[in-house]
file coords.cif (mmCIF, C-alpha atoms)
data_input
#
loop_
_atom_site.group_PDB
_atom_site.id
_atom_site.type_symbol
_atom_site.label_atom_id
_atom_site.label_comp_id
_atom_site.auth_asym_id
_atom_site.auth_seq_id
_atom_site.Cartn_x
_atom_site.Cartn_y
_atom_site.Cartn_z
ATOM 1 C CA MET E 567 87.394 287.549 92.532
ATOM 2 C CA LYS E 568 88.058 288.865 89.023
ATOM 3 C CA VAL E 569 87.046 285.554 87.477
ATOM 4 C CA LYS E 570 83.872 285.451 89.555
ATOM 5 C CA SER E 571 82.941 289.013 88.597
ATOM 6 C CA LEU E 572 83.238 287.998 84.948
ATOM 7 C CA PHE E 573 80.381 285.559 85.376
ATOM 8 C CA PHE E 574 78.384 286.984 88.289
ATOM 9 C CA ASN E 575 77.172 290.444 89.288
ATOM 10 C CA ASP E 576 77.278 292.001 92.751
ATOM 11 C CA ASN E 577 74.128 290.080 93.732
ATOM 12 C CA SER E 578 75.803 286.762 92.835
ATOM 13 C CA LYS E 579 73.440 286.411 89.881
ATOM 14 C CA LEU E 580 74.762 285.091 86.582
ATOM 15 C CA ARG E 581 75.382 288.028 84.248
ATOM 16 C CA THR E 582 72.937 288.715 81.447
ATOM 17 C CA ILE E 583 75.331 287.814 78.615
ATOM 18 C CA TRP E 584 75.803 284.299 80.007
ATOM 19 C CA ARG E 585 72.110 283.822 80.773
ATOM 20 C CA VAL E 586 71.196 284.883 77.229
ATOM 21 C CA LEU E 587 73.799 282.564 75.702
ATOM 22 C CA ILE E 588 72.670 279.617 77.827
ATOM 23 C CA PHE E 589 68.986 280.183 77.090
ATOM 24 C CA SER E 590 69.566 280.774 73.354
ATOM 25 C CA PHE E 591 71.646 277.602 73.083
ATOM 26 C CA ALA E 592 69.077 275.526 74.969
ATOM 27 C CA LEU E 593 66.269 277.005 72.865
ATOM 28 C CA SER E 594 68.128 276.189 69.629
ATOM 29 C CA LEU E 595 68.587 272.585 70.748
ATOM 30 C CA ALA E 596 64.927 272.275 71.762
ATOM 31 C CA ILE E 597 63.490 273.582 68.498
ATOM 32 C CA SER E 598 66.012 271.936 66.115
ATOM 33 C CA PRO E 599 63.997 268.664 65.807
ATOM 34 C CA LEU E 600 61.127 270.711 64.342
ATOM 35 C CA ILE E 601 63.047 270.867 61.075
ATOM 36 C CA LEU E 602 61.960 267.260 60.533
ATOM 37 C CA ILE E 603 58.344 268.414 60.318
ATOM 38 C CA GLU E 604 57.401 269.332 56.748
ATOM 39 C CA ASN E 605 54.415 271.522 57.683
ATOM 40 C CA SER E 606 55.649 275.082 58.353
ATOM 41 C CA HIS E 607 52.547 275.938 60.393
ATOM 42 C CA LEU E 608 53.269 273.065 62.774
ATOM 43 C CA GLN E 609 56.916 274.135 62.925
ATOM 44 C CA PHE E 610 55.999 277.658 64.032
ATOM 45 C CA LEU E 611 53.369 276.357 66.456
ATOM 46 C CA GLY E 612 55.876 273.958 68.005
ATOM 47 C CA ALA E 613 58.540 276.674 68.246
ATOM 48 C CA THR E 614 56.060 279.034 69.926
ATOM 49 C CA VAL E 615 55.074 276.449 72.541
ATOM 50 C CA ILE E 616 58.715 275.562 73.210
ATOM 51 C CA LEU E 617 59.723 279.234 73.544
ATOM 52 C CA ILE E 618 56.929 280.089 75.973
ATOM 53 C CA PHE E 619 57.512 276.976 78.100
ATOM 54 C CA GLY E 620 61.260 277.599 77.975
ATOM 55 C CA LEU E 621 60.790 281.165 79.167
ATOM 56 C CA TYR E 622 58.597 279.938 82.012
ATOM 57 C CA LEU E 623 61.423 277.678 83.207
ATOM 58 C CA ASN E 624 63.990 280.376 82.490
ATOM 59 C CA SER E 625 62.094 282.934 84.599
ATOM 60 C CA LYS E 626 62.341 280.624 87.622
ATOM 61 C CA HIS E 627 65.849 279.219 87.290
ATOM 62 C CA LEU E 628 68.028 281.645 85.303
ATOM 63 C CA ASP E 629 66.505 285.125 85.191
ATOM 64 C CA LYS E 630 64.690 284.619 88.514
ATOM 65 C CA ILE E 631 61.947 287.106 87.689
ATOM 66 C CA ASP E 632 58.183 286.917 87.407
ATOM 67 C CA PHE E 633 57.160 285.337 84.073
ATOM 68 C CA SER E 634 54.821 288.280 83.347
ATOM 69 C CA GLU E 635 57.841 290.609 83.040
ATOM 70 C CA TYR E 636 58.443 289.121 79.597
ATOM 71 C CA GLY E 637 55.180 290.752 78.511
ATOM 72 C CA LEU E 638 53.222 287.538 78.006
ATOM 73 C CA ILE E 639 50.168 288.468 80.028
ATOM 74 C CA PHE E 640 47.095 286.342 79.383
ATOM 75 C CA LYS E 641 44.383 288.870 80.159
ATOM 76 C CA ARG E 642 41.619 290.673 78.244
ATOM 77 C CA GLN E 643 43.766 293.806 77.882
ATOM 78 C CA SER E 644 46.374 291.824 75.960
ATOM 79 C CA PHE E 645 43.722 290.765 73.426
ATOM 80 C CA VAL E 646 42.574 294.390 73.068
ATOM 81 C CA TYR E 647 46.184 295.468 72.444
ATOM 82 C CA LEU E 648 46.540 292.688 69.864
ATOM 83 C CA ILE E 649 43.474 293.833 67.912
ATOM 84 C CA ILE E 650 44.577 297.490 68.021
ATOM 85 C CA GLY E 651 48.046 296.446 66.841
ATOM 86 C CA VAL E 652 46.563 294.505 63.915
ATOM 87 C CA LEU E 653 44.471 297.535 62.959
ATOM 88 C CA ILE E 654 47.417 299.956 63.154
ATOM 89 C CA GLY E 655 49.742 297.585 61.277
ATOM 90 C CA THR E 656 47.179 297.135 58.503
ATOM 91 C CA ILE E 657 46.614 300.886 58.184
ATOM 92 C CA SER E 658 50.376 301.500 58.022
ATOM 93 C CA VAL E 659 50.930 299.026 55.174
ATOM 94 C CA ALA E 660 47.835 300.270 53.308
ATOM 95 C CA SER E 661 49.246 303.802 53.619
ATOM 96 C CA MET E 662 52.560 302.673 52.100
ATOM 97 C CA PHE E 663 50.600 301.125 49.263
ATOM 98 C CA PHE E 664 48.624 304.325 48.672
ATOM 99 C CA ILE E 665 51.690 306.592 48.907
ATOM 100 C CA GLY E 666 53.677 304.355 46.561
ATOM 101 C CA LYS E 667 50.868 304.287 44.006
ATOM 102 C CA THR E 668 49.974 307.989 44.050
ATOM 103 C CA SER E 669 53.595 309.142 44.000
ATOM 104 C CA GLY E 670 54.456 306.843 41.116
ATOM 105 C CA ILE E 671 57.367 305.110 42.837
ATOM 106 C CA LEU E 672 55.354 301.882 42.589
ATOM 107 C CA LEU E 673 53.587 300.556 39.515
ATOM 108 C CA ILE E 674 50.497 298.668 40.661
ATOM 109 C CA SER E 675 48.107 296.555 38.660
ATOM 110 C CA GLU E 676 45.323 294.298 39.866
ATOM 111 C CA VAL E 677 45.840 290.556 39.722
ATOM 112 C CA LYS E 678 42.716 288.511 39.074
ATOM 113 C CA THR E 679 43.110 285.326 41.058
ATOM 114 C CA ASP E 680 40.685 283.029 42.782
ATOM 115 C CA SER E 681 41.216 283.682 46.478
ATOM 116 C CA ASN E 682 41.250 280.732 48.870
ATOM 117 C CA ASN E 683 39.925 281.951 52.210
ATOM 118 C CA GLY E 684 41.186 278.843 53.957
ATOM 119 C CA LEU E 685 44.754 279.411 52.799
ATOM 120 C CA ILE E 686 44.548 283.101 53.698
ATOM 121 C CA LEU E 687 43.425 282.238 57.236
ATOM 122 C CA LEU E 688 46.231 279.696 57.585
ATOM 123 C CA PHE E 689 48.760 282.253 56.397
ATOM 124 C CA GLY E 690 47.339 284.767 58.874
ATOM 125 C CA LEU E 691 47.805 282.223 61.666
ATOM 126 C CA LYS E 692 51.378 281.651 60.526
ATOM 127 C CA MET E 693 52.132 285.374 60.615
ATOM 128 C CA LEU E 694 50.586 285.603 64.093
ATOM 129 C CA LEU E 695 52.897 282.827 65.287
ATOM 130 C CA VAL E 696 55.884 284.608 63.706
ATOM 131 C CA GLY E 697 54.866 287.787 65.536
ATOM 132 C CA ILE E 698 54.571 285.947 68.849
ATOM 133 C CA LEU E 699 57.927 284.224 68.394
ATOM 134 C CA GLU E 700 59.977 287.247 67.368
ATOM 135 C CA GLU E 701 58.353 289.761 69.709
ATOM 136 C CA THR E 702 58.587 287.418 72.680
ATOM 137 C CA PHE E 703 62.260 286.700 72.080
ATOM 138 C CA PHE E 704 63.604 290.076 70.950
ATOM 139 C CA ARG E 705 61.374 292.423 72.937
ATOM 140 C CA GLY E 706 59.957 290.419 75.833
ATOM 141 C CA TYR E 707 63.097 288.444 76.586
ATOM 142 C CA LEU E 708 66.134 290.286 75.205
ATOM 143 C CA PHE E 709 65.054 293.875 75.829
ATOM 144 C CA THR E 710 63.897 293.045 79.363
ATOM 145 C CA ASN E 711 67.141 291.298 80.263
ATOM 146 C CA ILE E 712 69.428 293.948 78.791
ATOM 147 C CA TYR E 713 67.466 296.784 80.426
ATOM 148 C CA LYS E 714 67.583 295.128 83.836
ATOM 149 C CA ASP E 715 71.311 294.448 83.488
ATOM 150 C CA VAL E 716 72.500 297.894 82.411
ATOM 151 C CA LYS E 717 70.548 299.854 85.022
ATOM 152 C CA SER E 718 72.911 300.930 87.759
ATOM 153 C CA ASP E 719 74.015 303.959 89.751
ATOM 154 C CA ARG E 720 76.249 304.960 86.839
ATOM 155 C CA VAL E 721 73.548 304.531 84.206
ATOM 156 C CA THR E 722 70.236 306.365 84.444
ATOM 157 C CA ASN E 723 66.937 304.686 83.573
ATOM 158 C CA ARG E 724 66.809 306.742 80.367
ATOM 159 C CA GLN E 725 70.314 305.674 79.338
ATOM 160 C CA GLY E 726 69.596 302.067 80.251
ATOM 161 C CA PHE E 727 66.426 302.124 78.203
ATOM 162 C CA LEU E 728 68.213 303.531 75.141
ATOM 163 C CA ILE E 729 71.007 300.937 75.409
ATOM 164 C CA ALA E 730 68.540 298.053 75.710
ATOM 165 C CA LEU E 731 66.389 299.473 72.911
ATOM 166 C CA LEU E 732 69.306 299.822 70.495
ATOM 167 C CA VAL E 733 71.039 296.528 71.306
ATOM 168 C CA SER E 734 67.890 294.368 71.152
ATOM 169 C CA SER E 735 66.764 296.107 67.941
ATOM 170 C CA LEU E 736 70.174 295.726 66.270
ATOM 171 C CA LEU E 737 70.156 292.025 67.125
ATOM 172 C CA PHE E 738 66.683 291.827 65.574
ATOM 173 C CA GLY E 739 68.025 293.441 62.401
ATOM 174 C CA PHE E 740 71.035 291.130 62.198
ATOM 175 C CA ALA E 741 68.811 288.096 62.807
ATOM 176 C CA HIS E 742 67.554 288.667 59.233
ATOM 177 C CA ILE E 743 71.042 288.443 57.750
ATOM 178 C CA SER E 744 70.236 285.140 56.004
ATOM 179 C CA THR E 745 67.142 286.457 54.202
ATOM 180 C CA ASN E 746 67.081 286.908 50.416
ATOM 181 C CA ASN E 747 68.605 290.105 48.958
ATOM 182 C CA VAL E 748 69.797 291.247 52.392
ATOM 183 C CA SER E 749 71.983 294.367 52.616
ATOM 184 C CA ILE E 750 73.392 296.774 55.183
ATOM 185 C CA LEU E 751 70.469 299.051 54.331
ATOM 186 C CA SER E 752 67.867 296.359 54.978
ATOM 187 C CA ILE E 753 69.473 295.410 58.319
ATOM 188 C CA THR E 754 69.567 299.085 59.321
ATOM 189 C CA PHE E 755 65.920 299.665 58.446
ATOM 190 C CA LEU E 756 64.816 296.435 60.150
ATOM 191 C CA SER E 757 66.648 297.575 63.274
ATOM 192 C CA ILE E 758 64.591 300.761 63.141
ATOM 193 C CA ASN E 759 61.527 298.558 62.735
ATOM 194 C CA GLY E 760 62.584 296.721 65.898
ATOM 195 C CA ILE E 761 62.736 300.018 67.775
ATOM 196 C CA VAL E 762 59.183 300.851 66.654
ATOM 197 C CA TRP E 763 57.866 297.508 67.930
ATOM 198 C CA CYS E 764 59.842 297.721 71.172
ATOM 199 C CA ILE E 765 58.530 301.103 72.345
ATOM 200 C CA PRO E 766 54.873 299.980 72.834
ATOM 201 C CA PHE E 767 56.132 297.038 74.914
ATOM 202 C CA ALA E 768 58.337 299.329 76.995
ATOM 203 C CA ILE E 769 55.333 301.560 77.704
ATOM 204 C CA THR E 770 52.694 298.907 78.388
ATOM 205 C CA LYS E 771 54.889 296.077 79.730
ATOM 206 C CA ASN E 772 52.628 293.927 77.529
ATOM 207 C CA LEU E 773 53.520 292.319 74.186
ATOM 208 C CA GLY E 774 49.967 292.411 72.802
ATOM 209 C CA LEU E 775 50.334 295.624 70.807
ATOM 210 C CA SER E 776 53.777 294.721 69.432
ATOM 211 C CA ILE E 777 52.624 291.249 68.343
ATOM 212 C CA GLY E 778 49.590 292.716 66.575
ATOM 213 C CA LEU E 779 51.715 295.306 64.765
ATOM 214 C CA HIS E 780 54.242 292.681 63.683
ATOM 215 C CA ALA E 781 51.693 290.112 62.499
ATOM 216 C CA ALA E 782 49.616 292.641 60.531
ATOM 217 C CA TRP E 783 52.722 294.247 59.004
ATOM 218 C CA ASN E 784 53.882 290.907 57.573
ATOM 219 C CA PHE E 785 50.425 289.646 56.610
ATOM 220 C CA THR E 786 49.171 292.796 54.887
ATOM 221 C CA GLN E 787 52.375 293.363 52.914
ATOM 222 C CA THR E 788 52.259 289.832 51.554
ATOM 223 C CA GLN E 789 48.559 289.843 50.725
ATOM 224 C CA LEU E 790 48.740 293.171 48.895
ATOM 225 C CA GLY E 791 51.702 292.016 46.811
ATOM 226 C CA PHE E 792 54.789 293.567 48.429
ATOM 227 C CA THR E 793 57.998 291.582 48.673
ATOM 228 C CA MET E 794 58.429 291.032 52.402
ATOM 229 C CA SER E 795 61.905 290.609 53.925
ATOM 230 C CA GLY E 796 63.232 289.447 50.555
ATOM 231 C CA ASN E 797 60.456 286.894 50.069
ATOM 232 C CA LYS E 798 58.256 287.378 47.015
ATOM 233 C CA THR E 799 54.561 286.845 47.585
ATOM 234 C CA THR E 800 52.363 284.254 45.897
ATOM 235 C CA ASN E 801 48.731 284.823 44.854
ATOM 236 C CA PRO E 802 48.636 288.509 45.887
ATOM 237 C CA LEU E 803 45.803 290.957 45.301
ATOM 238 C CA TYR E 804 48.055 293.242 43.224
ATOM 239 C CA ASN E 805 51.172 293.056 41.116
ATOM 240 C CA ILE E 806 53.635 295.623 42.523
ATOM 241 C CA GLU E 807 56.704 296.773 40.585
ATOM 242 C CA ASN E 808 59.307 299.260 41.756
ATOM 243 C CA ASN E 809 59.510 302.422 39.676
ATOM 244 C CA ALA E 810 62.139 304.376 41.626
ATOM 245 C CA SER E 811 65.498 303.944 43.325
ATOM 246 C CA THR E 812 66.211 301.144 45.781
ATOM 247 C CA LEU E 813 66.618 303.733 48.510
ATOM 248 C CA LEU E 814 62.989 304.776 48.053
ATOM 249 C CA THR E 815 61.337 301.417 47.373
ATOM 250 C CA GLY E 816 63.620 298.953 49.149
ATOM 251 C CA GLY E 817 64.379 297.201 45.860
ATOM 252 C CA GLU E 818 64.282 293.413 45.743
ATOM 253 C CA TYR E 819 64.127 293.188 49.528
ATOM 254 C CA GLY E 820 60.804 294.984 49.720
ATOM 255 C CA PRO E 821 59.740 298.278 51.335
ATOM 256 C CA GLU E 822 61.314 297.313 54.686
ATOM 257 C CA ALA E 823 64.683 298.270 53.153
ATOM 258 C CA GLY E 824 63.632 301.682 51.845
ATOM 259 C CA VAL E 825 62.201 305.079 52.643
ATOM 260 C CA LEU E 826 58.719 303.758 51.869
ATOM 261 C CA GLY E 827 59.081 301.258 54.694
ATOM 262 C CA LEU E 828 60.452 303.974 56.972
ATOM 263 C CA ILE E 829 57.250 305.938 56.367
ATOM 264 C CA GLY E 830 55.274 302.858 57.384
ATOM 265 C CA PHE E 831 57.393 302.391 60.544
ATOM 266 C CA THR E 832 56.933 306.037 61.489
ATOM 267 C CA LEU E 833 53.181 305.874 61.004
ATOM 268 C CA MET E 834 52.983 302.717 63.127
ATOM 269 C CA LEU E 835 54.865 304.420 65.946
ATOM 270 C CA MET E 836 52.798 307.608 65.764
ATOM 271 C CA LEU E 837 49.491 305.731 65.745
ATOM 272 C CA SER E 838 50.634 303.460 68.590
ATOM 273 C CA LEU E 839 51.719 306.388 70.770
ATOM 274 C CA GLY E 840 48.557 308.251 69.859
ATOM 275 C CA TYR E 841 46.420 305.294 70.932
ATOM 276 C CA LEU E 842 48.289 304.897 74.223
ATOM 277 C CA LYS E 843 48.071 308.621 74.865
ATOM 278 C CA LEU E 844 44.353 308.628 74.054
ATOM 279 C CA THR E 845 43.662 305.725 76.402
ATOM 280 C CA ARG E 846 45.775 307.392 79.102
ATOM 281 C CA LYS E 847 48.256 304.535 79.288
ATOM 282 C CA ILE E 848 50.906 307.248 79.238
ATOM 283 C CA LYS E 849 50.538 310.748 80.572
ATOM 284 C CA ARG E 850 54.050 311.676 79.489
ATOM 285 C CA TYR E 851 56.150 309.738 77.014
ATOM 286 C CA ASN E 852 59.061 309.661 79.441
ATOM 287 C CA THR E 853 57.092 307.297 81.698
ATOM 288 C CA ILE E 854 58.717 304.451 79.755
ATOM 289 C CA PHE E 855 61.845 305.145 81.808
ATOM 290 C CA ASP E 856 60.117 304.576 85.161
#
call {"tool": "encode", "arguments": {"input": "coords.cif", "output": "structure tokens"}}
result
Amino acid sequence: MKVKSLFFNDNSKLRTIWRVLIFSFALSLAISPLILIENSHLQFLGATVILIFGLYLNSKHLDKIDFSEYGLIFKRQSFVYLIIGVLIGTISVASMFFIGKTSGILLISEVKTDSNNGLILLFGLKMLLVGILEETFFRGYLFTNIYKDVKSDRVTNRQGFLIALLVSSLLFGFAHISTNNVSILSITFLSINGIVWCIPFAITKNLGLSIGLHAAWNFTQTQLGFTMSGNKTTNPLYNIENNASTLLTGGEYGPEAGVLGLIGFTLMLMLSLGYLKLTRKIKRYNTIFD
């Protein structure tokens, strides 16, 4: 009985830890051949298709839940959430840019380059695919599974939510451990970023808003000239140099590892909650624990 309880819960369902390990391993095997493709856009497109199809199979055979519980809901409302998320994400990064410039912690000069609209659109598509991939896996899949697993008579919905929120967000932070100029600070701040993107999903049960926030956050940072997750931008609108401590600016990793990024995260969360409150998607913020 003890051995069985290690692998199965009281409902004879395979425990979350084993389901996550099995699915993650199968997903890694399925997407590994994509490394042979030289075009990064096709790589991300292929990975997105494989993840969504894999989750569809996973929902039926491992998790045994409705596919929509992962937040991938193909309805008009999802598109509206996506657009609002893109708008909020763009405003948040633009605000970081303005605060950094006016406070003097960033030195900003205009770069005169010939913009290629085709390349910009392709990069935007790539960032959208990145948003879909990461939000679907870390929020739609991981958060949902952890939250369902930890809820019990001994754990309240609020406690279960906080556990799932923290664990899935920490895993999101540590998933960036191989990025350039990574540090404990950058992982910590990215985990906070994960929390910000998880809360709209927890409220709406729809990934649209989170995907929009994520895609716009990455796209706008790169286009303006910020270093994003340790990756320096090419052909930006502005040349951005740090003129303050790493704690404030994020240093070589970019604003995601500093107080400037934390301001952007906070603004994203406030604007997202404000939008959901305004549209009456939440009457009380504690409805995310229902």
call {"tool": "residues_around", "arguments": {"input": "coords.cif", "residues": "segment 645-658 of chain E", "least_positions_apart": "5", "cutoff": "10 Å", "atoms": "all atoms listed in the file", "output": "MDAnalysis selection string"}}
result
chainID E and resid 639:640 663:664 694 763 766 770 772:787 827 829:838 841:842
call {"tool": "resolve_selection", "arguments": {"input": "coords.cif", "expression": "the PyMOL selection byres ((chain E and resi 634-637) around 7)", "output": "list in words"}}
result
Asp632, Phe633, Leu638, Ile639, Gly706, Tyr707, Thr710, Lys771, Asn772 and Leu773 of chain E
call {"tool": "closest_residue", "arguments": {"input": "coords.cif", "among": "E:Leu751, E:Leu731, E:Ile686, E:Leu790", "to": "Ala768 of chain E", "atoms": "all atoms listed in the file"}}
result
E:Leu731
call {"tool": "residues_around", "arguments": {"input": "coords.cif", "residues": "Gly817 of chain E", "least_positions_apart": "5", "cutoff": "9 Å", "atoms": "all atoms listed in the file", "output": "PyMOL selection string"}}
result
chain E and resi 747+793+808+810-812+823-824
call {"tool": "atom_distance", "arguments": {"input": "coords.cif", "atom1": "atom CA of Glu700 of chain E", "atom2": "atom CA of Leu732 of chain E"}}
result
16.0 Å
call {"tool": "atom_distance", "arguments": {"input": "coords.cif", "atom1": "atom CA of Arg581 of chain E", "atom2": "atom CA of Asp715 of chain E"}}
result
7.6 Å
call {"tool": "residues_around", "arguments": {"input": "coords.cif", "residues": "Leu803 of chain E", "least_positions_apart": "3", "cutoff": "7 Å", "atoms": "only C-alpha atoms", "output": "list in words"}}
result
Glu676, Val677, Gln789, Leu790 and Gly791 of chain E
call {"tool": "residues_near_point", "arguments": {"input": "coords.cif", "point": "(54.1, 301.3, 40.7)", "cutoff": "9 Å", "atoms": "only C-alpha atoms", "output": "compact mmCIF listing (two decimals) with C-alpha atoms, keeping the file's coordinate frame"}}
result
# COMPACT_ATOMS: atom_id res chain seq x y z
CA GLY E 666 53.68 304.36 46.56
CA LYS E 667 50.87 304.29 44.01
CA THR E 668 49.97 307.99 44.05
CA SER E 669 53.60 309.14 44.00
CA GLY E 670 54.46 306.84 41.12
CA ILE E 671 57.37 305.11 42.84
CA LEU E 672 55.35 301.88 42.59
CA LEU E 673 53.59 300.56 39.52
CA ILE E 674 50.50 298.67 40.66
CA SER E 675 48.11 296.56 38.66
CA ASN E 805 51.17 293.06 41.12
CA ILE E 806 53.64 295.62 42.52
CA GLU E 807 56.70 296.77 40.58
CA ASN E 808 59.31 299.26 41.76
CA ASN E 809 59.51 302.42 39.68
CA ALA E 810 62.14 304.38 41.63
call {"tool": "atom_distance", "arguments": {"input": "coords.cif", "atom1": "atom CA of Phe755 of chain E", "atom2": "atom CA of Leu826 of chain E"}}
result
10.6 Å
call {"tool": "axis_aligned_box", "arguments": {"input": "coords.cif", "around": "segment 591-596 of chain E", "padding_each_side": "6 Å", "output": "JSON"}}
result
{"center_x": 68.3, "center_y": 274.9, "center_z": 72.3, "size_x": 18.7, "size_y": 17.3, "size_z": 17.3}
call {"tool": "residues_around", "arguments": {"input": "coords.cif", "residues": "segment 722-729 of chain E", "least_positions_apart": "3", "cutoff": "6 Å", "atoms": "all atoms listed in the file", "output": "short mmCIF file (atom, residue, chain, number, x, y, z; two decimals) with C-alpha atoms, in the frame of the given file"}}
result
data_model
loop_
_atom_site.label_atom_id
_atom_site.label_comp_id
_atom_site.auth_asym_id
_atom_site.auth_seq_id
_atom_site.Cartn_x
_atom_site.Cartn_y
_atom_site.Cartn_z
CA TYR E 713 67.47 296.78 80.43
CA VAL E 716 72.50 297.89 82.41
CA LYS E 717 70.55 299.85 85.02
CA LEU E 732 69.31 299.82 70.50
CA PHE E 855 61.84 305.14 81.81
#
call {"tool": "resolve_selection", "arguments": {"input": "coords.cif", "expression": "the PyMOL selection byres ((chain E and resi 794) around 8)", "output": "list in words"}}
result
Asn784, Gln787, Thr788, Phe792, Thr793, Ser795, Gly796, Asn797, Lys798, Thr799, Tyr819, Gly820, Pro821 and Glu822 of chain E
call {"tool": "closest_residue", "arguments": {"input": "coords.cif", "among": "E:Phe703, E:Lys714, E:Ala592, E:Leu708", "to": "Asn575 of chain E", "atoms": "all atoms listed in the file"}}
result
E:Lys714
call {"tool": "resolve_selection", "arguments": {"input": "coords.cif", "expression": "the PyMOL selection byres ((chain E and resi 750) around 12)", "output": "ChimeraX atom specification"}}
result
/E:736,739-740,742-743,747-749,751-757,813,816,819,823-824
call {"tool": "write_last_selection", "arguments": {"input": "coords.cif", "atoms": "C-alpha atoms", "output": "PDB file, in the frame of the given file"}}
result
ATOM      1  CA  LEU E 736      70.174 295.726  66.270  1.00  0.00           C
ATOM      2  CA  GLY E 739      68.025 293.441  62.401  1.00  0.00           C
ATOM      3  CA  PHE E 740      71.035 291.130  62.198  1.00  0.00           C
ATOM      4  CA  HIS E 742      67.554 288.667  59.233  1.00  0.00           C
ATOM      5  CA  ILE E 743      71.042 288.443  57.750  1.00  0.00           C
ATOM      6  CA  ASN E 747      68.605 290.105  48.958  1.00  0.00           C
ATOM      7  CA  VAL E 748      69.797 291.247  52.392  1.00  0.00           C
ATOM      8  CA  SER E 749      71.983 294.367  52.616  1.00  0.00           C
ATOM      9  CA  LEU E 751      70.469 299.051  54.331  1.00  0.00           C
ATOM     10  CA  SER E 752      67.867 296.359  54.978  1.00  0.00           C
ATOM     11  CA  ILE E 753      69.473 295.410  58.319  1.00  0.00           C
ATOM     12  CA  THR E 754      69.567 299.085  59.321  1.00  0.00           C
ATOM     13  CA  PHE E 755      65.920 299.665  58.446  1.00  0.00           C
ATOM     14  CA  LEU E 756      64.816 296.435  60.150  1.00  0.00           C
ATOM     15  CA  SER E 757      66.648 297.575  63.274  1.00  0.00           C
ATOM     16  CA  LEU E 813      66.618 303.733  48.510  1.00  0.00           C
ATOM     17  CA  GLY E 816      63.620 298.953  49.149  1.00  0.00           C
ATOM     18  CA  TYR E 819      64.127 293.188  49.528  1.00  0.00           C
ATOM     19  CA  ALA E 823      64.683 298.270  53.153  1.00  0.00           C
ATOM     20  CA  GLY E 824      63.632 301.682  51.845  1.00  0.00           C
TER      21      GLY E 824
END
call {"tool": "closest_residue", "arguments": {"input": "coords.cif", "among": "E:Leu687, E:Val696, E:Leu595, E:Ile588", "to": "Gln609 of chain E", "atoms": "all atoms listed in the file"}}
result
E:Val696
call {"tool": "closest_atom_pairs", "arguments": {"input": "coords.cif", "of": "segment 669-695 of chain E", "to": "segment 614-617 of chain E", "cutoff": "12 Å", "atoms": "only C-alpha atoms", "output": "Markdown table"}}
result
| residue | atom | partner | partner_atom | distance |
| --- | --- | --- | --- | --- |
| E:Lys692 | CA | E:Thr614 | CA | 10.8 |
| E:Met693 | CA | E:Thr614 | CA | 11.9 |
| E:Leu694 | CA | E:Thr614 | CA | 10.4 |
| E:Leu695 | CA | E:Thr614 | CA | 6.8 |
call {"tool": "decode", "arguments": {"input": "coords.cif", "residues": "segment 776-784 of chain E", "atoms": "N, CA, C and O atoms", "output": "PDB file, in the first residue's frame"}}
result
ATOM      1  N   SER E 776      -2.498  36.585 -20.336  1.00  0.00           N
ATOM      2  CA  SER E 776      -1.115  36.269 -19.962  1.00  0.00           C
ATOM      3  C   SER E 776      -0.212  36.179 -21.187  1.00  0.00           C
ATOM      4  O   SER E 776       0.924  36.659 -21.179  1.00  0.00           O
ATOM      5  N   ILE E 777      -0.704  35.551 -22.253  1.00  0.00           N
ATOM      6  CA  ILE E 777       0.083  35.440 -23.489  1.00  0.00           C
ATOM      7  C   ILE E 777       0.345  36.820 -24.080  1.00  0.00           C
ATOM      8  O   ILE E 777       1.462  37.127 -24.519  1.00  0.00           O
ATOM      9  N   GLY E 778      -0.663  37.673 -24.099  1.00  0.00           N
ATOM     10  CA  GLY E 778      -0.493  39.028 -24.621  1.00  0.00           C
ATOM     11  C   GLY E 778       0.518  39.824 -23.822  1.00  0.00           C
ATOM     12  O   GLY E 778       1.369  40.523 -24.392  1.00  0.00           O
ATOM     13  N   LEU E 779       0.440  39.744 -22.493  1.00  0.00           N
ATOM     14  CA  LEU E 779       1.394  40.430 -21.626  1.00  0.00           C
ATOM     15  C   LEU E 779       2.822  39.963 -21.907  1.00  0.00           C
ATOM     16  O   LEU E 779       3.753  40.774 -22.051  1.00  0.00           O
ATOM     17  N   HIS E 780       2.990  38.658 -21.977  1.00  0.00           N
ATOM     18  CA  HIS E 780       4.306  38.048 -22.168  1.00  0.00           C
ATOM     19  C   HIS E 780       4.902  38.447 -23.522  1.00  0.00           C
ATOM     20  O   HIS E 780       6.060  38.879 -23.610  1.00  0.00           O
ATOM     21  N   ALA E 781       4.110  38.304 -24.583  1.00  0.00           N
ATOM     22  CA  ALA E 781       4.600  38.598 -25.925  1.00  0.00           C
ATOM     23  C   ALA E 781       4.983  40.070 -26.064  1.00  0.00           C
ATOM     24  O   ALA E 781       6.047  40.408 -26.614  1.00  0.00           O
ATOM     25  N   ALA E 782       4.137  40.960 -25.570  1.00  0.00           N
ATOM     26  CA  ALA E 782       4.406  42.405 -25.682  1.00  0.00           C
ATOM     27  C   ALA E 782       5.592  42.820 -24.824  1.00  0.00           C
ATOM     28  O   ALA E 782       6.386  43.690 -25.217  1.00  0.00           O
ATOM     29  N   TRP E 783       5.724  42.214 -23.642  1.00  0.00           N
ATOM     30  CA  TRP E 783       6.849  42.504 -22.752  1.00  0.00           C
ATOM     31  C   TRP E 783       8.169  42.217 -23.465  1.00  0.00           C
ATOM     32  O   TRP E 783       9.085  43.044 -23.486  1.00  0.00           O
ATOM     33  N   ASN E 784       8.286  41.034 -24.063  1.00  0.00           N
ATOM     34  CA  ASN E 784       9.510  40.655 -24.764  1.00  0.00           C
ATOM     35  C   ASN E 784       9.732  41.511 -26.018  1.00  0.00           C
ATOM     36  O   ASN E 784      10.832  42.001 -26.265  1.00  0.00           O
TER      37      ASN E 784
END
